[in-house]
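Note: the block below is final_11.cif and it holds mmCIF, C-alpha atoms.
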data_input
loop_
_atom_site.group_PDB
_atom_site.id
_atom_site.type_symbol
_atom_site.label_atom_id
_atom_site.label_comp_id
_atom_site.auth_asym_id
_atom_site.auth_seq_id
_atom_site.Cartn_x
_atom_site.Cartn_y
_atom_site.Cartn_z
ATOM 1 C CA SER A 163 -8.681 -25.345 16.334
ATOM 2 C CA PRO A 164 -7.478 -22.144 14.618
ATOM 3 C CA ILE A 165 -8.037 -21.648 10.909
ATOM 4 C CA ASN A 166 -4.887 -22.026 8.824
ATOM 5 C CA THR A 167 -4.466 -18.810 6.842
ATOM 6 C CA THR A 168 -1.040 -19.700 5.465
ATOM 7 C CA VAL A 169 -0.881 -19.537 1.689
ATOM 8 C CA SER A 170 1.597 -21.824 -0.025
ATOM 9 C CA PRO A 171 3.908 -20.246 -2.621
ATOM 10 C CA GLU A 172 2.165 -22.301 -5.323
ATOM 11 C CA ASP A 173 -1.152 -20.614 -4.431
ATOM 12 C CA ASN A 174 0.297 -17.107 -4.304
ATOM 13 C CA PRO A 175 0.547 -15.383 -7.692
ATOM 14 C CA LEU A 176 2.313 -12.348 -6.200
ATOM 15 C CA ARG A 177 5.079 -14.456 -4.687
ATOM 16 C CA GLU A 178 5.346 -16.409 -7.936
ATOM 17 C CA TYR A 179 5.626 -13.179 -9.934
ATOM 18 C CA PHE A 180 8.304 -11.898 -7.543
ATOM 19 C CA GLU A 181 10.319 -15.120 -7.586
ATOM 20 C CA ASN A 182 10.210 -15.407 -11.392
ATOM 21 C CA HIS A 183 10.862 -11.728 -12.123
ATOM 22 C CA THR A 184 14.355 -11.617 -13.609
ATOM 23 C CA GLU A 185 14.135 -8.805 -16.178
ATOM 24 C CA GLY A 186 12.781 -5.295 -16.355
ATOM 25 C CA HIS A 187 12.052 -2.968 -13.469
ATOM 26 C CA GLY A 188 13.270 -4.103 -10.063
ATOM 27 C CA ILE A 189 10.982 -5.187 -7.236
ATOM 28 C CA TRP A 190 12.035 -4.545 -3.638
ATOM 29 C CA LYS A 191 9.758 -6.277 -1.118
ATOM 30 C CA TRP A 192 10.227 -8.221 2.102
ATOM 31 C CA GLU A 193 9.154 -11.753 1.230
ATOM 32 C CA HIS A 194 6.920 -12.211 4.286
ATOM 33 C CA TYR A 195 4.520 -9.608 2.832
ATOM 34 C CA PHE A 196 3.411 -11.862 -0.030
ATOM 35 C CA GLU A 197 1.279 -14.097 2.201
ATOM 36 C CA ILE A 198 -0.295 -11.014 3.796
ATOM 37 C CA TYR A 199 -0.938 -9.411 0.404
ATOM 38 C CA GLN A 200 -2.624 -12.562 -0.865
ATOM 39 C CA ARG A 201 -4.819 -12.817 2.223
ATOM 40 C CA HIS A 202 -6.036 -9.202 2.063
ATOM 41 C CA PHE A 203 -5.839 -8.341 -1.641
ATOM 42 C CA SER A 204 -7.096 -11.497 -3.402
ATOM 43 C CA LYS A 205 -10.737 -10.348 -3.173
ATOM 44 C CA PHE A 206 -9.874 -7.562 -5.640
ATOM 45 C CA VAL A 207 -8.337 -9.744 -8.381
ATOM 46 C CA GLY A 208 -10.109 -9.242 -11.718
ATOM 47 C CA GLN A 209 -12.162 -6.315 -10.382
ATOM 48 C CA SER A 210 -12.096 -2.708 -11.470
ATOM 49 C CA ILE A 211 -9.886 -1.187 -8.761
ATOM 50 C CA ASN A 212 -7.658 1.758 -8.032
ATOM 51 C CA LEU A 213 -4.446 0.960 -6.180
ATOM 52 C CA ALA A 214 -2.026 3.565 -4.879
ATOM 53 C CA GLU A 215 1.498 2.725 -3.782
ATOM 54 C CA ILE A 216 3.772 5.197 -2.081
ATOM 55 C CA GLY A 217 7.398 4.508 -2.879
ATOM 56 C CA ILE A 218 7.967 3.614 -6.529
ATOM 57 C CA TYR A 219 11.769 3.303 -6.449
ATOM 58 C CA SER A 220 12.631 1.128 -9.474
ATOM 59 C CA GLY A 221 9.057 0.669 -10.722
ATOM 60 C CA GLY A 222 8.740 -3.112 -10.589
ATOM 61 C CA ASN A 223 5.993 -3.035 -7.966
ATOM 62 C CA LEU A 224 3.761 -1.095 -10.344
ATOM 63 C CA ASP A 225 4.073 -3.854 -12.954
ATOM 64 C CA MET A 226 3.552 -6.553 -10.314
ATOM 65 C CA TRP A 227 0.272 -5.029 -9.077
ATOM 66 C CA ARG A 228 -1.068 -4.679 -12.608
ATOM 67 C CA SER A 229 -0.159 -8.280 -13.422
ATOM 68 C CA TYR A 230 -1.786 -9.547 -10.210
ATOM 69 C CA PHE A 231 -5.040 -7.578 -10.296
ATOM 70 C CA GLY A 232 -5.573 -7.637 -14.046
ATOM 71 C CA SER A 233 -6.416 -5.232 -16.833
ATOM 72 C CA ARG A 234 -9.154 -3.439 -14.864
ATOM 73 C CA CYS A 235 -6.658 -2.205 -12.262
ATOM 74 C CA HIS A 236 -5.329 1.342 -12.407
ATOM 75 C CA VAL A 237 -2.158 1.915 -10.417
ATOM 76 C CA TYR A 238 -1.263 5.287 -8.908
ATOM 77 C CA GLY A 239 2.410 5.476 -8.029
ATOM 78 C CA ILE A 240 3.597 8.114 -5.590
ATOM 79 C CA ASP A 241 7.205 9.100 -5.055
ATOM 80 C CA ILE A 242 9.321 12.081 -4.115
ATOM 81 C CA GLU A 243 11.757 11.484 -7.004
ATOM 82 C CA GLU A 244 10.837 13.286 -10.237
ATOM 83 C CA ALA A 245 12.610 10.574 -12.273
ATOM 84 C CA CYS A 246 9.816 8.127 -11.348
ATOM 85 C CA THR A 247 7.524 9.767 -13.899
ATOM 86 C CA CYS A 248 9.212 7.492 -16.459
ATOM 87 C CA TYR A 249 6.990 4.637 -15.184
ATOM 88 C CA GLU A 250 3.778 6.375 -16.226
ATOM 89 C CA ASN A 251 1.686 4.759 -18.978
ATOM 90 C CA GLU A 252 -1.972 4.188 -19.901
ATOM 91 C CA HIS A 253 -2.664 2.106 -16.775
ATOM 92 C CA THR A 254 -0.240 3.775 -14.350
ATOM 93 C CA THR A 255 -0.383 7.390 -13.189
ATOM 94 C CA VAL A 256 2.549 8.813 -11.254
ATOM 95 C CA PHE A 257 2.331 11.625 -8.713
ATOM 96 C CA ILE A 258 5.459 13.330 -7.438
ATOM 97 C CA GLY A 259 5.275 14.722 -3.925
ATOM 98 C CA ASP A 260 6.081 14.390 -0.260
ATOM 99 C CA GLN A 261 3.762 12.058 1.616
ATOM 100 C CA ALA A 262 4.177 14.193 4.763
ATOM 101 C CA ASP A 263 2.692 17.189 2.909
ATOM 102 C CA ARG A 264 -1.062 17.511 3.469
ATOM 103 C CA ASN A 265 -1.364 19.801 0.437
ATOM 104 C CA PHE A 266 0.116 17.044 -1.730
ATOM 105 C CA TRP A 267 -2.647 14.679 -0.558
ATOM 106 C CA LYS A 268 -5.289 17.317 -1.285
ATOM 107 C CA VAL A 269 -4.053 17.581 -4.889
ATOM 108 C CA PHE A 270 -3.858 13.785 -5.162
ATOM 109 C CA ARG A 271 -7.471 13.350 -4.002
ATOM 110 C CA GLU A 272 -8.668 16.088 -6.378
ATOM 111 C CA ASN A 273 -7.112 14.215 -9.309
ATOM 112 C CA THR A 274 -7.974 10.586 -8.572
ATOM 113 C CA PRO A 275 -11.048 8.502 -7.905
ATOM 114 C CA PRO A 276 -11.382 6.894 -4.451
ATOM 115 C CA ILE A 277 -8.714 4.280 -3.739
ATOM 116 C CA ASP A 278 -9.405 0.577 -3.089
ATOM 117 C CA ILE A 279 -5.921 -0.365 -1.888
ATOM 118 C CA LEU A 280 -3.248 1.917 -0.477
ATOM 119 C CA VAL A 281 0.229 0.483 0.064
ATOM 120 C CA ASP A 282 2.531 2.776 2.049
ATOM 121 C CA ASP A 283 6.092 1.721 1.245
ATOM 122 C CA GLY A 284 7.373 5.295 1.162
ATOM 123 C CA GLY A 285 9.546 7.269 3.522
ATOM 124 C CA HIS A 286 8.931 5.029 6.540
ATOM 125 C CA THR A 287 9.061 7.768 9.175
ATOM 126 C CA PRO A 288 6.245 7.780 11.732
ATOM 127 C CA GLU A 289 5.297 11.347 10.747
ATOM 128 C CA GLN A 290 5.017 10.444 7.032
ATOM 129 C CA GLN A 291 2.978 7.361 7.872
ATOM 130 C CA ARG A 292 0.688 9.276 10.243
ATOM 131 C CA VAL A 293 -0.037 12.055 7.740
ATOM 132 C CA THR A 294 -0.699 9.479 5.009
ATOM 133 C CA LEU A 295 -3.104 7.538 7.218
ATOM 134 C CA GLU A 296 -4.967 10.669 8.315
ATOM 135 C CA GLU A 297 -5.245 12.077 4.800
ATOM 136 C CA MET A 298 -6.027 8.869 2.934
ATOM 137 C CA LEU A 299 -7.999 6.577 5.240
ATOM 138 C CA PRO A 300 -11.191 8.622 4.668
ATOM 139 C CA TYR A 301 -10.518 8.423 0.900
ATOM 140 C CA LEU A 302 -10.455 4.626 0.800
ATOM 141 C CA ARG A 303 -13.508 3.069 -0.788
ATOM 142 C CA CYS A 304 -15.748 1.046 1.526
ATOM 143 C CA GLY A 305 -14.115 -2.372 1.934
ATOM 144 C CA GLY A 306 -10.738 -1.001 0.892
ATOM 145 C CA VAL A 307 -7.391 -1.943 2.409
ATOM 146 C CA TYR A 308 -4.736 0.334 3.905
ATOM 147 C CA PHE A 309 -1.373 -1.450 4.156
ATOM 148 C CA CYS A 310 1.585 0.260 5.824
ATOM 149 C CA GLU A 311 4.881 -1.540 5.341
ATOM 150 C CA ASP A 312 8.028 -1.494 7.413
ATOM 151 C CA VAL A 313 6.585 -0.478 10.769
ATOM 152 C CA HIS A 314 9.572 -1.855 12.675
ATOM 153 C CA GLY A 315 10.609 -1.815 16.275
ATOM 154 C CA LYS A 316 8.979 -2.435 19.606
ATOM 155 C CA TRP A 317 8.553 1.271 20.334
ATOM 156 C CA ASN A 318 7.584 2.467 16.832
ATOM 157 C CA ASN A 319 5.713 5.785 17.096
ATOM 158 C CA PHE A 320 3.437 5.056 14.135
ATOM 159 C CA ALA A 321 2.389 1.706 15.616
ATOM 160 C CA ALA A 322 1.643 3.485 18.904
ATOM 161 C CA TYR A 323 -0.412 6.114 17.043
ATOM 162 C CA ALA A 324 -2.428 3.494 15.120
ATOM 163 C CA THR A 325 -3.006 1.548 18.342
ATOM 164 C CA SER A 326 -4.306 4.701 20.020
ATOM 165 C CA LEU A 327 -6.875 5.081 17.226
ATOM 166 C CA VAL A 328 -8.097 1.539 17.813
ATOM 167 C CA ASP A 329 -8.187 2.154 21.563
ATOM 168 C CA LYS A 330 -10.413 5.208 20.986
ATOM 169 C CA LEU A 331 -12.845 3.050 18.976
ATOM 170 C CA ASN A 332 -13.250 0.787 21.986
ATOM 171 C CA ASN A 333 -13.344 3.472 24.692
ATOM 172 C CA PHE A 334 -16.746 3.462 26.339
ATOM 173 C CA GLY A 335 -15.665 5.674 29.213
ATOM 174 C CA ASP A 336 -15.289 4.510 32.778
ATOM 175 C CA LEU A 337 -17.671 1.564 33.131
ATOM 176 C CA ASN A 338 -16.720 0.876 36.781
#
Kindly present the structure from the file in structure tokens form.
Amino acid sequence: SPINTTVSPEDNPLREYFENHTEGHGIWKWEHYFEIYQRHFSKFVGQSINLAEIGIYSGGNLDMWRSYFGSRCHVYGIDIEEACTCYENEHTTVFIGDQADRNFWKVFRENTPPIDILVDDGGHTPEQQRVTLEEMLPYLRCGGVYFCEDVHGKWNNFAAYATSLVDKLNNFGDLN
């Protein structure tokens, strides 16, 4: 029988944080992500990690990640809006730039250590997502997690691109 990977809300500190967050910076997340986050991110809790999230918006996600991972987590927020620099503090560094700009990613990599977790909740266009994946996947630490949110639609171009990368990994040529 298949292994049950469902995490109950009581066992999911991220969902609990989200559901009980009533003051301060806003958090905008689709609720179905919390189970996925817990499944893939829990191995990093309490560790010294570097997390980058594209798409800061109202800043609440930055606080949520820090609360979840603990005091040894440094959060790098990335947004196109200059006003998001107001969320910067001793454990959060904010970079302002366009995620579709390869030069932006070059500057980011020159000014940060390798990343353990990258959450792309930014512009959501296939081109932005593709550039981010190409520029940052090699910069993830071994064992790191790349998480791209809001890849919607049956014919999403970013999903097709990512699938083509996986297909290339498994292409052994014509074996017939």
Do you know which residues are at most 10 Å from Glu297 of chain A counting all atoms listed in the file, after dropping those on the same chain fewer than 2 positions away, and could you put them as an mmCIF file with C-alpha atoms, keeping the file's coordinate frame?
data_model
loop_
_atom_site.group_PDB
_atom_site.id
_atom_site.type_symbol
_atom_site.label_atom_id
_atom_site.label_comp_id
_atom_site.auth_asym_id
_atom_site.auth_seq_id
_atom_site.Cartn_x
_atom_site.Cartn_y
_atom_site.Cartn_z
ATOM 1 C CA GLN A 261 3.762 12.058 1.616
ATOM 2 C CA ALA A 262 4.177 14.193 4.763
ATOM 3 C CA ASP A 263 2.692 17.189 2.909
ATOM 4 C CA ARG A 264 -1.062 17.511 3.469
ATOM 5 C CA ASN A 265 -1.364 19.801 0.437
ATOM 6 C CA PHE A 266 0.116 17.044 -1.730
ATOM 7 C CA TRP A 267 -2.647 14.679 -0.558
ATOM 8 C CA LYS A 268 -5.289 17.317 -1.285
ATOM 9 C CA ARG A 271 -7.471 13.350 -4.002
ATOM 10 C CA GLN A 291 2.978 7.361 7.872
ATOM 11 C CA ARG A 292 0.688 9.276 10.243
ATOM 12 C CA VAL A 293 -0.037 12.055 7.740
ATOM 13 C CA THR A 294 -0.699 9.479 5.009
ATOM 14 C CA LEU A 295 -3.104 7.538 7.218
ATOM 15 C CA LEU A 299 -7.999 6.577 5.240
ATOM 16 C CA PRO A 300 -11.191 8.622 4.668
ATOM 17 C CA TYR A 301 -10.518 8.423 0.900
ATOM 18 C CA LEU A 302 -10.455 4.626 0.800
#
TODO: Rank nothing, just name the residue among A:Cys310, A:Ala324, A:Cys248, A:Cys235 nearest to Ile277 of chain A, using only C-alpha atoms.
DONE: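 Nearest to Ile277 of chain A: A:Cys235.
Coordinates place atom CA of Leu213 of chain A at a distance of 9.6 Å from atom CA of Thr254 of chain A.
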Open item on the list: I'd like the interatomic distance between atom CA of Glu244 of chain A and atom CA of Asp282 of chain A, to a tenth of an Å.
Closed with: 18.2 Å
Open item on the list: For a quick check of understanding, using all atoms listed in the file, which of A:Tyr249, A:Trp227, A:Phe270, A:Trp317 has the smallest distance to Met298 of chain A?
Closed with: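 Among A:Tyr249, A:Trp227, A:Phe270, A:Trp317, it is A:Phe270 that comes nearest to Met298 of chain A.
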Skipping near chain neighbours, those fewer than 2 positions away, what residues fall within 12 Å of Gly285 of chain A using all atoms listed in the file, listed as a PDB file with C-alpha atoms, keeping the file's coordinate frame?
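Listed below is the output, selection15.pdb:
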ATOM      1  CA  GLU A 215       1.498   2.725  -3.782  1.00  0.00           C
ATOM      2  CA  ILE A 216       3.772   5.197  -2.081  1.00  0.00           C
ATOM      3  CA  GLY A 217       7.398   4.508  -2.879  1.00  0.00           C
ATOM      4  CA  ILE A 218       7.967   3.614  -6.529  1.00  0.00           C
ATOM      5  CA  TYR A 219      11.769   3.303  -6.449  1.00  0.00           C
ATOM      6  CA  ILE A 240       3.597   8.114  -5.590  1.00  0.00           C
ATOM      7  CA  ASP A 241       7.205   9.100  -5.055  1.00  0.00           C
ATOM      8  CA  ILE A 242       9.321  12.081  -4.115  1.00  0.00           C
ATOM      9  CA  GLU A 243      11.757  11.484  -7.004  1.00  0.00           C
ATOM     10  CA  GLY A 259       5.275  14.722  -3.925  1.00  0.00           C
ATOM     11  CA  ASP A 260       6.081  14.390  -0.260  1.00  0.00           C
ATOM     12  CA  GLN A 261       3.762  12.058   1.616  1.00  0.00           C
ATOM     13  CA  ALA A 262       4.177  14.193   4.763  1.00  0.00           C
ATOM     14  CA  ASP A 282       2.531   2.776   2.049  1.00  0.00           C
ATOM     15  CA  ASP A 283       6.092   1.721   1.245  1.00  0.00           C
ATOM     16  CA  THR A 287       9.061   7.768   9.175  1.00  0.00           C
ATOM     17  CA  PRO A 288       6.245   7.780  11.732  1.00  0.00           C
ATOM     18  CA  GLU A 289       5.297  11.347  10.747  1.00  0.00           C
ATOM     19  CA  GLN A 290       5.017  10.444   7.032  1.00  0.00           C
ATOM     20  CA  GLN A 291       2.978   7.361   7.872  1.00  0.00           C
ATOM     21  CA  ARG A 292       0.688   9.276  10.243  1.00  0.00           C
ATOM     22  CA  VAL A 293      -0.037  12.055   7.740  1.00  0.00           C
ATOM     23  CA  THR A 294      -0.699   9.479   5.009  1.00  0.00           C
ATOM     24  CA  CYS A 310       1.585   0.260   5.824  1.00  0.00           C
ATOM     25  CA  GLU A 311       4.881  -1.540   5.341  1.00  0.00           C
ATOM     26  CA  ASP A 312       8.028  -1.494   7.413  1.00  0.00           C
ATOM     27  CA  VAL A 313       6.585  -0.478  10.769  1.00  0.00           C
TER      28      VAL A 313
END
Task: Distance criterion (all atoms listed in the file): nearest to Val307 of chain A out of A:Ala322, A:Leu224, A:Leu280, A:Val269 - done: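 Of all the options, A:Leu280 lies closest to Val307 of chain A.
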Open item on the list: Would you pick out the contacts of Asn251 of chain A at 12 Å or less, using all atoms listed in the file, so that residues sharing its chain but fewer than 2 positions from it are not included, and give the list as a ChimeraX atom specification?
Closed with: /A:221,224-225,228,236-239,246-249,253-256
- [ ] Would you please work out which residue, of A:Ala321, A:Val207, A:Val281, A:Leu327, is nearest to Phe231 of chain A when using only C-alpha atoms?
- [x]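 So, comparing all the options, the nearest one is A:Val207.
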Task: Two-atom distance - atom CA of Phe257 of chain A, atom CA of Gly232 of chain A (Å) - done: 21.5 Å
Task: Counting all atoms listed in the file, the residue of A:Asp278, A:Glu178, A:Asp329, A:Glu250 that sits nearest His202 of chain A - done: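 The closest residue to His202 of chain A is A:Asp278.
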Is it possible to get the axis-aligned box enclosing segment 258-276 of chain A (all listed atoms, 3 Å extra per side) as AutoDock Vina command-line options, with centre and edge lengths in Å rounded to one decimal?
--center_x -2.7 --center_y 13.3 --center_z -2.3 --size_x 23.5 --size_y 18.9 --size_z 20.1
Task: A:Arg303, A:Tyr308, A:Tyr199, A:Glu296 ranked by distance to Tyr323 of chain A, top pick (using all atoms listed in the file) - done: A:Glu296
